[in-house]
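What follows is the content of input14.cif, which has mmCIF, C-alpha atoms:
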data_data
loop_
_atom_site.group_PDB
_atom_site.id
_atom_site.type_symbol
_atom_site.label_atom_id
_atom_site.label_comp_id
_atom_site.auth_asym_id
_atom_site.auth_seq_id
_atom_site.Cartn_x
_atom_site.Cartn_y
_atom_site.Cartn_z
ATOM 1 C CA MET A 208 38.481 -17.404 -4.537
ATOM 2 C CA ASN A 209 35.286 -18.380 -2.762
ATOM 3 C CA ILE A 210 33.973 -15.950 -0.184
ATOM 4 C CA ASP A 211 32.576 -17.255 3.069
ATOM 5 C CA PRO A 212 28.852 -16.363 2.815
ATOM 6 C CA SER A 213 28.726 -15.638 6.536
ATOM 7 C CA ARG A 214 31.277 -12.850 6.032
ATOM 8 C CA LYS A 215 30.035 -11.518 2.714
ATOM 9 C CA TYR A 216 27.558 -8.982 4.047
ATOM 10 C CA ARG A 217 27.595 -6.570 6.926
ATOM 11 C CA PRO A 218 25.231 -7.591 9.748
ATOM 12 C CA PHE A 219 22.063 -5.586 10.198
ATOM 13 C CA ALA A 220 22.440 -2.915 12.836
ATOM 14 C CA GLY A 221 19.929 -3.383 15.612
ATOM 15 C CA VAL A 222 17.666 -0.539 16.703
ATOM 16 C CA ALA A 223 18.293 0.600 20.270
ATOM 17 C CA LEU A 224 14.928 1.078 21.986
ATOM 18 C CA PRO A 225 15.593 0.472 25.689
ATOM 19 C CA ASP A 226 12.157 1.688 26.766
ATOM 20 C CA ARG A 227 10.143 -0.421 24.328
ATOM 21 C CA GLN A 228 7.333 -2.568 25.722
ATOM 22 C CA TRP A 229 5.951 -4.534 22.781
ATOM 23 C CA PRO A 230 8.433 -7.485 22.846
ATOM 24 C CA SER A 231 6.905 -8.730 26.102
ATOM 25 C CA ARG A 232 3.350 -8.536 24.830
ATOM 26 C CA THR A 233 1.492 -11.581 23.546
ATOM 27 C CA MET A 234 -1.219 -11.789 20.916
ATOM 28 C CA THR A 235 -4.604 -12.931 22.170
ATOM 29 C CA ALA A 236 -6.535 -12.681 18.915
ATOM 30 C CA PRO A 237 -5.767 -13.636 15.319
ATOM 31 C CA PRO A 238 -4.388 -10.804 13.153
ATOM 32 C CA ALA A 239 -6.145 -9.422 10.096
ATOM 33 C CA TRP A 240 -4.663 -11.063 7.017
ATOM 34 C CA CYS A 241 -4.747 -9.153 3.740
ATOM 35 C CA SER A 242 -4.362 -11.248 0.600
ATOM 36 C CA VAL A 243 -2.267 -9.538 -2.096
ATOM 37 C CA ASP A 244 -2.509 -12.389 -4.617
ATOM 38 C CA LEU A 245 -4.549 -10.320 -7.078
ATOM 39 C CA ARG A 246 -1.899 -7.613 -7.432
ATOM 40 C CA ASP A 247 -0.931 -7.697 -11.085
ATOM 41 C CA GLY A 248 -0.767 -4.129 -12.354
ATOM 42 C CA ASN A 249 2.695 -2.804 -11.608
ATOM 43 C CA GLN A 250 4.332 -6.067 -10.541
ATOM 44 C CA ALA A 251 2.965 -8.247 -13.295
ATOM 45 C CA LEU A 252 3.526 -11.951 -13.694
ATOM 46 C CA ILE A 253 5.233 -13.283 -16.823
ATOM 47 C CA GLU A 254 1.717 -14.023 -18.007
ATOM 48 C CA PRO A 255 -0.550 -11.448 -16.346
ATOM 49 C CA MET A 256 -3.960 -12.628 -15.236
ATOM 50 C CA ASP A 257 -6.874 -11.743 -17.449
ATOM 51 C CA ALA A 258 -10.262 -10.742 -16.064
ATOM 52 C CA GLU A 259 -11.551 -14.322 -15.979
ATOM 53 C CA ARG A 260 -8.577 -15.616 -13.995
ATOM 54 C CA LYS A 261 -8.803 -12.679 -11.598
ATOM 55 C CA MET A 262 -12.463 -13.408 -10.972
ATOM 56 C CA ARG A 263 -11.794 -17.083 -10.280
ATOM 57 C CA LEU A 264 -9.087 -16.147 -7.781
ATOM 58 C CA TRP A 265 -11.298 -13.471 -6.195
ATOM 59 C CA LYS A 266 -14.075 -15.991 -5.595
ATOM 60 C CA LEU A 267 -11.604 -18.474 -4.115
ATOM 61 C CA LEU A 268 -10.149 -15.882 -1.727
ATOM 62 C CA VAL A 269 -13.640 -14.925 -0.570
ATOM 63 C CA LYS A 270 -14.517 -18.612 -0.119
ATOM 64 C CA LEU A 271 -11.346 -19.145 1.940
ATOM 65 C CA GLY A 272 -12.545 -16.448 4.326
ATOM 66 C CA TYR A 273 -10.208 -13.517 3.690
ATOM 67 C CA LYS A 274 -11.724 -10.286 5.000
ATOM 68 C CA GLU A 275 -9.167 -7.908 3.452
ATOM 69 C CA ILE A 276 -8.255 -8.495 -0.197
ATOM 70 C CA GLU A 277 -6.011 -6.324 -2.326
ATOM 71 C CA ILE A 278 -7.634 -6.162 -5.753
ATOM 72 C CA GLY A 279 -4.747 -4.501 -7.560
ATOM 73 C CA PHE A 280 -3.214 -1.284 -8.784
ATOM 74 C CA PRO A 281 -6.067 0.255 -10.812
ATOM 75 C CA ALA A 282 -4.061 3.163 -12.236
ATOM 76 C CA ALA A 283 -1.262 0.904 -13.525
ATOM 77 C CA SER A 284 -3.365 -1.572 -15.465
ATOM 78 C CA GLN A 285 -6.589 -1.286 -17.438
ATOM 79 C CA THR A 286 -7.346 -4.865 -16.433
ATOM 80 C CA ASP A 287 -7.013 -3.972 -12.755
ATOM 81 C CA TYR A 288 -9.151 -0.857 -13.246
ATOM 82 C CA ASP A 289 -11.906 -2.779 -15.049
ATOM 83 C CA PHE A 290 -11.781 -5.573 -12.481
ATOM 84 C CA ALA A 291 -12.300 -3.119 -9.628
ATOM 85 C CA ARG A 292 -15.241 -1.561 -11.425
ATOM 86 C CA LYS A 293 -16.800 -4.969 -12.113
ATOM 87 C CA LEU A 294 -16.639 -5.970 -8.457
ATOM 88 C CA ILE A 295 -18.317 -2.732 -7.412
ATOM 89 C CA ASP A 296 -20.828 -2.290 -10.239
ATOM 90 C CA GLU A 297 -22.030 -5.904 -10.015
ATOM 91 C CA ASN A 298 -22.118 -5.919 -6.193
ATOM 92 C CA LEU A 299 -19.656 -8.813 -5.910
ATOM 93 C CA ILE A 300 -17.953 -7.659 -2.692
ATOM 94 C CA PRO A 301 -19.473 -9.269 0.450
ATOM 95 C CA ASP A 302 -20.445 -6.834 3.188
ATOM 96 C CA ASP A 303 -17.790 -8.218 5.541
ATOM 97 C CA VAL A 304 -14.920 -7.985 3.014
ATOM 98 C CA THR A 305 -12.739 -4.878 2.614
ATOM 99 C CA VAL A 306 -10.910 -4.344 -0.666
ATOM 100 C CA GLN A 307 -7.503 -2.682 -0.904
ATOM 101 C CA VAL A 308 -5.867 -0.757 -3.758
ATOM 102 C CA LEU A 309 -2.366 0.653 -4.296
ATOM 103 C CA THR A 310 -1.422 4.096 -5.533
ATOM 104 C CA GLN A 311 1.780 6.055 -5.950
ATOM 105 C CA ALA A 312 1.919 9.575 -4.546
ATOM 106 C CA ARG A 313 1.197 11.181 -7.925
ATOM 107 C CA GLU A 314 -1.946 13.205 -8.587
ATOM 108 C CA PRO A 315 -3.160 11.540 -11.835
ATOM 109 C CA ILE A 316 -2.637 8.088 -10.344
ATOM 110 C CA ILE A 317 -4.412 8.960 -7.097
ATOM 111 C CA ARG A 318 -7.404 10.417 -8.932
ATOM 112 C CA ARG A 319 -7.718 7.429 -11.265
ATOM 113 C CA THR A 320 -7.502 5.100 -8.281
ATOM 114 C CA PHE A 321 -10.453 6.815 -6.628
ATOM 115 C CA ASP A 322 -12.386 6.680 -9.916
ATOM 116 C CA ALA A 323 -11.781 2.924 -10.006
ATOM 117 C CA ILE A 324 -13.283 2.334 -6.565
ATOM 118 C CA ALA A 325 -16.002 4.996 -6.574
ATOM 119 C CA GLY A 326 -19.113 3.682 -4.851
ATOM 120 C CA VAL A 327 -17.427 0.917 -2.867
ATOM 121 C CA LYS A 328 -18.775 0.398 0.650
ATOM 122 C CA ARG A 329 -15.385 0.185 2.396
ATOM 123 C CA ALA A 330 -11.828 0.317 1.037
ATOM 124 C CA ILE A 331 -8.195 0.509 2.059
ATOM 125 C CA VAL A 332 -6.110 2.951 -0.003
ATOM 126 C CA HIS A 333 -2.397 2.196 0.251
ATOM 127 C CA LEU A 334 -0.192 5.168 -0.648
ATOM 128 C CA TYR A 335 3.551 4.942 -1.210
ATOM 129 C CA ASN A 336 6.517 6.872 -2.581
ATOM 130 C CA SER A 337 10.218 6.131 -2.934
ATOM 131 C CA THR A 338 12.373 7.294 -0.036
ATOM 132 C CA SER A 339 15.710 5.472 -0.421
ATOM 133 C CA THR A 340 18.987 7.345 -0.749
ATOM 134 C CA THR A 341 19.628 6.052 -4.277
ATOM 135 C CA GLN A 342 16.181 6.919 -5.617
ATOM 136 C CA ARG A 343 16.288 10.354 -4.017
ATOM 137 C CA ARG A 344 19.571 11.049 -5.793
ATOM 138 C CA VAL A 345 19.193 9.210 -9.113
ATOM 139 C CA VAL A 346 15.458 9.193 -9.845
ATOM 140 C CA PHE A 347 14.126 12.362 -8.228
ATOM 141 C CA GLY A 348 17.170 14.567 -7.723
ATOM 142 C CA MET A 349 15.660 15.722 -4.443
ATOM 143 C CA ASP A 350 16.722 16.083 -0.851
ATOM 144 C CA ARG A 351 14.814 14.703 2.112
ATOM 145 C CA ALA A 352 12.490 17.694 2.278
ATOM 146 C CA GLY A 353 11.440 17.250 -1.341
ATOM 147 C CA ILE A 354 10.640 13.557 -0.903
ATOM 148 C CA ARG A 355 8.768 14.229 2.332
ATOM 149 C CA ASP A 356 6.726 16.875 0.493
ATOM 150 C CA ILE A 357 5.703 14.321 -2.161
ATOM 151 C CA ALA A 358 4.364 12.027 0.564
ATOM 152 C CA VAL A 359 2.510 14.783 2.410
ATOM 153 C CA LYS A 360 0.930 16.203 -0.759
ATOM 154 C CA GLY A 361 -0.133 12.716 -1.834
ATOM 155 C CA ALA A 362 -1.728 12.091 1.555
ATOM 156 C CA ALA A 363 -3.502 15.448 1.439
ATOM 157 C CA LEU A 364 -4.924 14.687 -2.016
ATOM 158 C CA ILE A 365 -6.171 11.312 -0.797
ATOM 159 C CA ARG A 366 -7.883 13.105 2.104
ATOM 160 C CA GLN A 367 -9.538 15.462 -0.396
ATOM 161 C CA CYS A 368 -10.668 12.642 -2.696
ATOM 162 C CA ALA A 369 -12.070 10.710 0.255
ATOM 163 C CA THR A 370 -13.940 13.744 1.566
ATOM 164 C CA GLU A 371 -15.622 14.045 -1.826
ATOM 165 C CA ARG A 372 -16.922 10.464 -1.424
ATOM 166 C CA PRO A 373 -18.462 10.364 2.075
ATOM 167 C CA GLN A 374 -20.569 7.294 1.283
ATOM 168 C CA THR A 375 -17.471 5.094 1.543
ATOM 169 C CA GLU A 376 -15.739 4.024 4.749
ATOM 170 C CA TRP A 377 -12.061 4.780 4.115
ATOM 171 C CA ILE A 378 -8.973 3.205 5.666
ATOM 172 C CA PHE A 379 -5.563 4.624 4.765
ATOM 173 C CA GLN A 380 -2.095 3.104 4.732
ATOM 174 C CA TYR A 381 1.245 4.656 3.903
ATOM 175 C CA SER A 382 4.576 3.018 2.999
ATOM 176 C CA PRO A 383 7.992 4.578 2.463
ATOM 177 C CA GLU A 384 8.950 2.480 -0.554
ATOM 178 C CA SER A 385 12.401 0.843 -0.389
ATOM 179 C CA PHE A 386 12.204 1.138 3.383
ATOM 180 C CA THR A 387 15.201 -1.128 3.948
ATOM 181 C CA ALA A 388 17.369 1.204 1.839
ATOM 182 C CA THR A 389 16.113 4.318 3.633
ATOM 183 C CA GLU A 390 17.778 5.846 6.688
ATOM 184 C CA LEU A 391 15.718 4.839 9.704
ATOM 185 C CA ASP A 392 15.355 8.374 11.022
ATOM 186 C CA PHE A 393 14.107 9.597 7.637
ATOM 187 C CA ALA A 394 11.602 6.759 7.296
ATOM 188 C CA VAL A 395 10.204 7.724 10.700
ATOM 189 C CA ASP A 396 10.211 11.403 9.699
ATOM 190 C CA VAL A 397 8.205 10.772 6.510
ATOM 191 C CA CYS A 398 5.669 8.547 8.274
ATOM 192 C CA ASP A 399 5.231 11.097 11.051
ATOM 193 C CA ALA A 400 4.747 13.864 8.471
ATOM 194 C CA VAL A 401 2.009 11.906 6.724
ATOM 195 C CA ASN A 402 0.284 11.219 10.048
ATOM 196 C CA THR A 403 0.491 14.731 11.488
ATOM 197 C CA ARG A 404 -0.095 16.807 8.367
ATOM 198 C CA SER A 405 -3.019 14.855 6.906
ATOM 199 C CA PRO A 406 -5.851 15.046 9.477
ATOM 200 C CA PRO A 407 -8.624 14.224 10.158
ATOM 201 C CA TYR A 408 -8.080 10.666 8.936
ATOM 202 C CA GLY A 409 -5.572 8.386 10.640
ATOM 203 C CA TRP A 410 -3.093 6.312 8.686
ATOM 204 C CA ARG A 411 -2.232 2.723 9.427
ATOM 205 C CA GLY A 412 1.518 2.444 9.872
ATOM 206 C CA CYS A 413 3.238 0.336 7.231
ATOM 207 C CA THR A 414 6.712 -0.194 5.884
ATOM 208 C CA GLY A 415 7.600 -0.788 2.267
ATOM 209 C CA SER A 416 9.837 -3.385 0.748
#

Would you put the structure from the file into structure tokens?
Amino acid sequence: MNIDPSRKYRPFAGVALPDRQWPSRTMTAPPAWCSVDLRDGNQALIEPMDAERKMRLWKLLVKLGYKEIEIGFPAASQTDYDFARKLIDENLIPDDVTVQVLTQAREPIIRRTFDAIAGVKRAIVHLYNSTSTTQRRVVFGMDRAGIRDIAVKGAALIRQCATERPQTEWIFQYSPESFTATELDFAVDVCDAVNTRSPPYGWRGCTGS
């Protein structure tokens, strides 16, 4: 028996924010667009890009005028790591372009990520960890406090690694991975914990997939 698609799924529950002000605001300037087309380390294509293809795409993105470009997941792919080093060592990043890298909230991955971008003029480091109910139960076997602790410790380590490299201008982002499968109050709780327990650097608010 065919199921009416309009009745197949439960509707998304709206968020009650009666005192919110942003819906009435209008944008007066273009937003900052970050290209993620070079990401190929942990979410690889069927045929991952080699260094030559990455470089061709990098040059095209710069030519198109992108000012924030994600260059990959250096700790998940040797190709991504080497590509990041090539851009930095050969001075191929224009002064007005900011590169972005991804890292899970795991110490070896965070440290390798900072090794990959050591010496860069300005960079965005995007930290994430899984927060959904299923991954908490099946993958980590942890409660909310344990998952929140992973995020906070990851953020603190990023703060430490950044402090050790004062020559770089750092911008930080955090995402609760699997945001749509995470209880809204817990997603807010984790983001607030990262923001309040990891001074002095601020974190750009983000949500995961």

**Report entry** All residues 8 Å or closer to Lys328 of chain A, all atoms listed in the file, same chain fewer than 3 positions away omitted, as a list of chain:residue names
**Finding:** A:Asp302, A:Gln374, A:Thr375, A:Glu376

Report summary line: Between A:Val346, A:Leu268, A:Met234, A:Ile357, smallest distance to Gln311 of chain A by only C-alpha atoms belongs to A:Ile357

Would you kindly translate the PyMOL selection byres ((chain A and resi 270-274) around 9) into the concrete residues it picks from this file, as a PDB file with C-alpha atoms, in the frame of the given file?
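Saved result, result-v8.pdb, follows:
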ATOM      1  CA  ALA A 239      -6.145  -9.422  10.096  1.00  0.00           C
ATOM      2  CA  TRP A 240      -4.663 -11.063   7.017  1.00  0.00           C
ATOM      3  CA  CYS A 241      -4.747  -9.153   3.740  1.00  0.00           C
ATOM      4  CA  SER A 242      -4.362 -11.248   0.600  1.00  0.00           C
ATOM      5  CA  TRP A 265     -11.298 -13.471  -6.195  1.00  0.00           C
ATOM      6  CA  LYS A 266     -14.075 -15.991  -5.595  1.00  0.00           C
ATOM      7  CA  LEU A 267     -11.604 -18.474  -4.115  1.00  0.00           C
ATOM      8  CA  LEU A 268     -10.149 -15.882  -1.727  1.00  0.00           C
ATOM      9  CA  VAL A 269     -13.640 -14.925  -0.570  1.00  0.00           C
ATOM     10  CA  GLU A 275      -9.167  -7.908   3.452  1.00  0.00           C
ATOM     11  CA  ILE A 276      -8.255  -8.495  -0.197  1.00  0.00           C
ATOM     12  CA  ASP A 303     -17.790  -8.218   5.541  1.00  0.00           C
ATOM     13  CA  VAL A 304     -14.920  -7.985   3.014  1.00  0.00           C
ATOM     14  CA  THR A 305     -12.739  -4.878   2.614  1.00  0.00           C
ATOM     15  CA  VAL A 306     -10.910  -4.344  -0.666  1.00  0.00           C
TER      16      VAL A 306
END

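When all atoms listed in the file are used to measure the gap to Ala363 of chain A, the shortest distance among A:Asn402, A:Gln307, A:Thr387, A:Thr338 belongs to A:Asn402.
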
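Reported to one decimal place, the separation of atom CA of Ile278 of chain A from atom CA of Leu264 of chain A is 10.3 Å.
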
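In terms of minimum interatomic distance to Glu371 of chain A, A:Arg318 ranks closest within A:Arg318, A:Thr340, A:Thr310, A:Asn298, counting all atoms listed in the file.
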
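Pairwise distance (atom CA of Ala400 of chain A, atom CA of Arg351 of chain A) equals 11.9 Å.
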
Query - Residues returned when the PyMOL selection byres ((chain A and resi 256) around 12) runs on this file, as an MDAnalysis selection string - result: chainID A and resid 244:248 250:255 257:265 279 284:287 290

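Neighbouring residues of Ala312 of chain A at 7 Å or closer, counting all atoms listed in the file and skipping chain neighbours under 2 positions away, are Thr310, Glu314, Ile317, Leu334, Tyr335, Asn336, Ile357, Ala358 and Gly361 of chain A.
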
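Residue nearest Gly353 of chain A, chosen from A:Leu224, A:Thr341, A:Pro230, A:Val397 and counting all atoms listed in the file: A:Val397.
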
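Between atom CA of Arg292 of chain A and atom CA of Ala323 of chain A lies a distance of 5.8 Å.
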
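Here the question is which of A:Pro237, A:Pro225, A:Pro383, A:Pro301 gets nearest to Ile354 of chain A using only C-alpha atoms, and that residue is A:Pro383.
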
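Each of A:Arg319, A:Cys398, A:Val359, A:Arg344 was checked against Phe386 of chain A using all atoms listed in the file; the smallest atom-to-atom distance is that of A:Cys398.
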
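The shell of residues at most 9 Å from His333 of chain A, with only C-alpha atoms counted and near chain neighbours (fewer than 4 positions) removed, consists of Gln307, Val308, Leu309, Thr310, Gln311, Ile378, Phe379, Gln380, Tyr381 and Ser382 of chain A.
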